[in-house]
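Here the structure is laid out as structure tokens; the discussion comes afterwards.
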Amino acid sequence: MRRSWFALLAALALFSTGSADAQPAQETITLASTTSVDNSGLLAAILPEFTKATGITVHVLALGTGQALDTARRGDADIVLVHDPEAEKKFIDDGNGLSPKQIAWNDFIIVGPGEDPAHVAGGHDATAALIAIAKAPATFVSRGDRSGTNALELRLWKAIGIDPKSGAGSWYKDIGGGMGAALNAAAAMPGYTLSDRGTWLSFKNKGPLKIVIEGDPALTNRYDVIELNPITHGTAKLAAAHRLAIWLATKPGQDAIGAFRVGGETLFNPSADNPK
Amino acid sequence: MHDFATLADAFASRELWQIIGLSLRVSLSASAIATLVGLPLGAALAIWRFRGRGAIVVAANALLGLPPVVVGLVLYLLLSHSGPLGSLGLLFTPEAMIVAQTVLALPIVTALAHRAAEERWSEYGDALMDLGASRARAVPALIAMARAAMLTAALAGFGRTVSEVGAIIIVGGNIAAYTRTMTTAIVLETSKGNLPLALGLGMVLIGLSTMICASAFVAVGRSGRSPGGT
């Protein structure tokens, strides 16, 4: 019995190596991307078309923009798709990437509880809303994770000269999590938060939350694909990554992005030919 | 995962079965390796007296509380392309997840196996040696004697791995159809606000893990209670 027991364990250990490579022999690249394009279902909807056309499989890492760029900087991804112009500029200036190519846009919104304690609902001015929220003060949930959304939020606070950290521990809740975690927290507290529209539309636990601010030009959300710099990232699978970048920015990819809908709504507007 | 409204939709898809398969492959592999190393190691630590033995025993017990997220982070830095082991290309693969969970399970299996083996050795060690067994032959003998406790050690290792998310989400990357397991899928569905599906997946995971532990327990129990009455 003892022997059979160990034989079983040995078999299991072999199992780990044996069945490991049921993967078809084809090229695979790693795309470091943001949670907003992945969790909304966009990449799962469009990437199979790319794989079908090229035979290249894309492994998607859904991270915040800061973390996605870090992952690529360390050489652990072959291409990035992110949405924070300032962080992208630094990434490129540091020699990590080639110039960004915008492939789609949508917008950010501020969501908040239906009873709207800061009386901001219906407005189109994000900074005015933040001033009202800080003055009330009403609970505001921040991602606090160096994501593109978090970076925009911090830029908005800076623009109005309010240091939200002064509200840390009371009305300003820095949760250090992804968009979904922030929306879950905002729904539970309840509180306001800045969200990208894609995640919001596909999010299923909205609870008391409603859109309170939308349509501010400052809330435009641009998604850029960035190819890595061959000088600093020579070992990355740059040729296959280039095919993905081209595909995303040309008709097949752009059409696929435009055709992606959740509940009848277009989440991402293709914009390679007409960058916002 | 795709946008499954309910668990029933998820079950009807190939995706969920693939996720379950990967979960089991990773956690069973890691706990099997930890058991194959940990049980003999625990027994050997009870049998041999050598310099540093105490330190290993203390280390195994001290590492019972090894934080998964730290193991994941350290492995990530080691396996990253800019890290010392980057050339292996293991980052964001199921193999990296197995390594991470093996590291987490090994101290548990070793510490519990050592505790069980030590009791048997103090009771029966002299008798075994009198019967002419070598110390090396005593290792399997001790494991067989303390079969029930050894099984508990192995199952504790399995329990650590099957429920773990902190390490594998870092070194695996939660890549759809490649490194997504039950636990990382639960994290993902929670972040998408799909709480019913997340909870449903949690129930499936609990069901699987209790089924595996119970069948292992029954199988070893049927082979007879350990001598010595425990």
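Residue numbering restarts at 1 in every chain; chains get A, B, ... in the order shown in the structure tokens, and ligands count up from 1 in that same order.
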Contact residues (chain B, partner chain A, 9 Å, only C-alpha atoms) as a PyMOL selection string:
chain B and resi 1-3+25-26+28-33+35-36+80-83+86+91-92+94-95+98+140+143-144+147+173-178+188-195+220+223
Taking the DSSP assignment computed from this structure's backbone, write out as a ChimeraX atom specification all residues of segment 19-215 of chain B that belong to alpha helix (DSSP H).
/B:19-47,53-62,68-79,94-130,135-145,147-162,166-172,182-191,195-215
Pairwise distance, atom CA of Trp171 of chain A with atom CA of Glu86 of chain A, equals 27.4 Å
- Message: Just checking: using only C-alpha atoms, which residue out of B:Ala167, B:Leu205, B:Met182, B:Ala156 ends up closest to Ile108 of chain B?
- Response: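 Using only C-alpha atoms, Ile108 of chain B sits closest to B:Ala156.
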Using only C-alpha atoms, which protein or nucleic acid residues come within 12 Å of Lys101 of chain A? Drop anything in the same chain fewer than 2 positions from it, and give the result as JSON, numbers by chain. {"A": [79, 80, 81, 82, 83, 85, 88, 97, 98, 99, 103, 104, 105, 222, 223, 224, 225, 226, 227, 242, 244, 245, 246, 247, 248, 249, 250, 270, 271, 272, 273, 274, 275, 276]}
Residues as selected, N, CA and C atoms, written as a short mmCIF file (atom, residue, chain, number, x, y, z; two decimals), in the first residue's frame, can you do that?
data_model
loop_
_atom_site.label_atom_id
_atom_site.label_comp_id
_atom_site.auth_asym_id
_atom_site.auth_seq_id
_atom_site.Cartn_x
_atom_site.Cartn_y
_atom_site.Cartn_z
N ILE A 79 4.82 43.58 -25.90
CA ILE A 79 4.14 44.76 -26.44
C ILE A 79 3.18 45.24 -25.35
N VAL A 80 2.84 46.54 -25.37
CA VAL A 80 1.92 47.04 -24.35
C VAL A 80 0.75 47.78 -24.99
N LEU A 81 -0.37 47.76 -24.28
CA LEU A 81 -1.56 48.51 -24.68
C LEU A 81 -2.07 49.21 -23.42
N VAL A 82 -1.87 50.53 -23.34
CA VAL A 82 -2.11 51.23 -22.08
C VAL A 82 -2.81 52.58 -22.31
N HIS A 83 -3.08 53.31 -21.24
CA HIS A 83 -3.83 54.56 -21.39
C HIS A 83 -3.41 55.63 -20.38
N PRO A 85 -0.95 58.91 -20.97
CA PRO A 85 0.02 59.60 -21.82
C PRO A 85 1.32 59.97 -21.10
N GLU A 88 3.39 56.88 -20.42
CA GLU A 88 3.88 56.36 -21.70
C GLU A 88 5.07 57.18 -22.18
N GLY A 97 10.41 52.13 -25.38
CA GLY A 97 9.40 51.89 -26.40
C GLY A 97 9.52 52.82 -27.59
N LEU A 98 8.90 52.41 -28.70
CA LEU A 98 8.80 53.28 -29.87
C LEU A 98 7.57 54.16 -29.70
N SER A 99 7.32 55.03 -30.68
CA SER A 99 6.24 56.00 -30.46
C SER A 99 4.88 55.30 -30.34
N ILE A 103 -5.14 53.52 -30.75
CA ILE A 103 -5.99 52.60 -31.50
C ILE A 103 -7.47 52.78 -31.17
N ALA A 104 -7.76 53.35 -29.99
CA ALA A 104 -9.17 53.51 -29.62
C ALA A 104 -9.29 54.56 -28.52
N TRP A 105 -10.47 55.07 -28.36
CA TRP A 105 -10.71 55.96 -27.23
C TRP A 105 -12.11 55.71 -26.69
N ARG A 222 -7.64 57.66 -23.83
CA ARG A 222 -7.02 57.22 -25.09
C ARG A 222 -6.19 55.97 -24.85
N TYR A 223 -6.41 54.98 -25.70
CA TYR A 223 -5.64 53.73 -25.59
C TYR A 223 -4.57 53.67 -26.67
N ASP A 224 -3.33 53.51 -26.22
CA ASP A 224 -2.20 53.48 -27.15
C ASP A 224 -1.54 52.11 -27.12
N VAL A 225 -1.16 51.64 -28.31
CA VAL A 225 -0.33 50.45 -28.37
C VAL A 225 1.11 50.93 -28.56
N ILE A 226 2.02 50.36 -27.80
CA ILE A 226 3.42 50.77 -27.88
C ILE A 226 4.28 49.54 -28.17
N GLU A 227 5.03 49.61 -29.25
CA GLU A 227 5.99 48.54 -29.54
C GLU A 227 7.28 48.83 -28.79
N HIS A 242 4.97 43.31 -33.66
CA HIS A 242 4.72 44.32 -34.68
C HIS A 242 3.47 43.97 -35.50
N LEU A 244 0.92 42.41 -34.42
CA LEU A 244 -0.25 42.73 -33.59
C LEU A 244 -0.52 44.24 -33.61
N ALA A 245 0.56 45.03 -33.49
CA ALA A 245 0.39 46.49 -33.49
C ALA A 245 -0.25 46.95 -34.79
N ILE A 246 0.24 46.39 -35.90
CA ILE A 246 -0.30 46.76 -37.22
C ILE A 246 -1.77 46.33 -37.32
N TRP A 247 -2.02 45.11 -36.88
CA TRP A 247 -3.40 44.59 -36.97
C TRP A 247 -4.36 45.47 -36.19
N LEU A 248 -3.96 45.85 -34.97
CA LEU A 248 -4.83 46.67 -34.12
C LEU A 248 -5.11 48.03 -34.76
N ALA A 249 -4.11 48.55 -35.47
CA ALA A 249 -4.23 49.92 -35.98
C ALA A 249 -4.78 49.98 -37.40
N THR A 250 -5.00 48.84 -38.03
CA THR A 250 -5.53 48.86 -39.40
C THR A 250 -6.93 48.26 -39.43
N PRO A 270 -12.90 53.00 -32.32
CA PRO A 270 -11.63 52.88 -33.02
C PRO A 270 -11.17 54.24 -33.51
N SER A 271 -9.89 54.54 -33.36
CA SER A 271 -9.45 55.91 -33.69
C SER A 271 -8.05 55.95 -34.27
N ALA A 272 -7.58 54.87 -34.87
CA ALA A 272 -6.22 54.86 -35.40
C ALA A 272 -6.05 55.90 -36.51
N ASP A 273 -7.11 56.07 -37.35
CA ASP A 273 -6.99 57.02 -38.46
C ASP A 273 -7.29 58.45 -38.02
N ASN A 274 -7.92 58.56 -36.87
CA ASN A 274 -8.44 59.86 -36.47
C ASN A 274 -8.23 60.07 -34.97
N PRO A 275 -6.97 60.12 -34.53
CA PRO A 275 -6.71 60.11 -33.09
C PRO A 275 -7.38 61.29 -32.37
N LYS A 276 -7.94 61.01 -31.22
CA LYS A 276 -8.61 62.05 -30.42
C LYS A 276 -7.58 62.88 -29.68
#
Q | Between atom CA of Gly144 of chain A and atom CA of Gly66 of chain A, distance in Å (one decimal) | A |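 About the pair atom CA of Gly144 of chain A and atom CA of Gly66 of chain A: they are 11.0 Å apart.
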Atom CA of Arg49 of chain B to atom CA of Met129 of chain B: how many Å, to one decimal?
->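 These two atoms are separated by 14.8 Å.
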Which polymer residues have any atom within 12 Å of an atom of Ala87 of chain A, counting only C-alpha atoms, with same-chain residues fewer than 4 positions away left out, as number ranges by chain? A: 64-70, 82-83, 91-94, 96-97, 100, 146-152, 224, 226
query: What's the 9 Å shell around Phe217 of chain B, counting only C-alpha atoms, without same-chain residues fewer than 5 positions away, as a VMD selection string?
result: chain B and resid 148 151 to 152 155 212 222
Emit the selected residues as a JSON list (two decimals), in the first residue's frame, including N, CA and C atoms.
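Once everything was written out, this is part-v9.json:
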[["chain", "number", "residue", "atom", "x", "y", "z"],
["B", 148, "ALA", "N", -1.27, 7.44, 8.71],
["B", 148, "ALA", "CA", -2.40, 8.38, 8.82],
["B", 148, "ALA", "C", -1.90, 9.80, 9.00],
["B", 151, "LEU", "N", -0.44, 11.11, 5.82],
["B", 151, "LEU", "CA", -1.49, 11.52, 4.89],
["B", 151, "LEU", "C", -1.97, 12.93, 5.24],
["B", 152, "THR", "N", -2.14, 13.16, 6.54],
["B", 152, "THR", "CA", -2.55, 14.49, 6.96],
["B", 152, "THR", "C", -1.54, 15.54, 6.50],
["B", 155, "LEU", "N", -2.05, 16.06, 2.83],
["B", 155, "LEU", "CA", -3.29, 16.79, 2.55],
["B", 155, "LEU", "C", -3.18, 18.26, 2.98],
["B", 212, "ILE", "N", -11.33, 15.54, -3.00],
["B", 212, "ILE", "CA", -9.99, 14.94, -3.13],
["B", 212, "ILE", "C", -9.46, 14.55, -1.76],
["B", 222, "ARG", "N", -8.57, 2.74, 4.58],
["B", 222, "ARG", "CA", -8.96, 1.38, 4.27],
["B", 222, "ARG", "C", -7.76, 0.43, 4.34]]
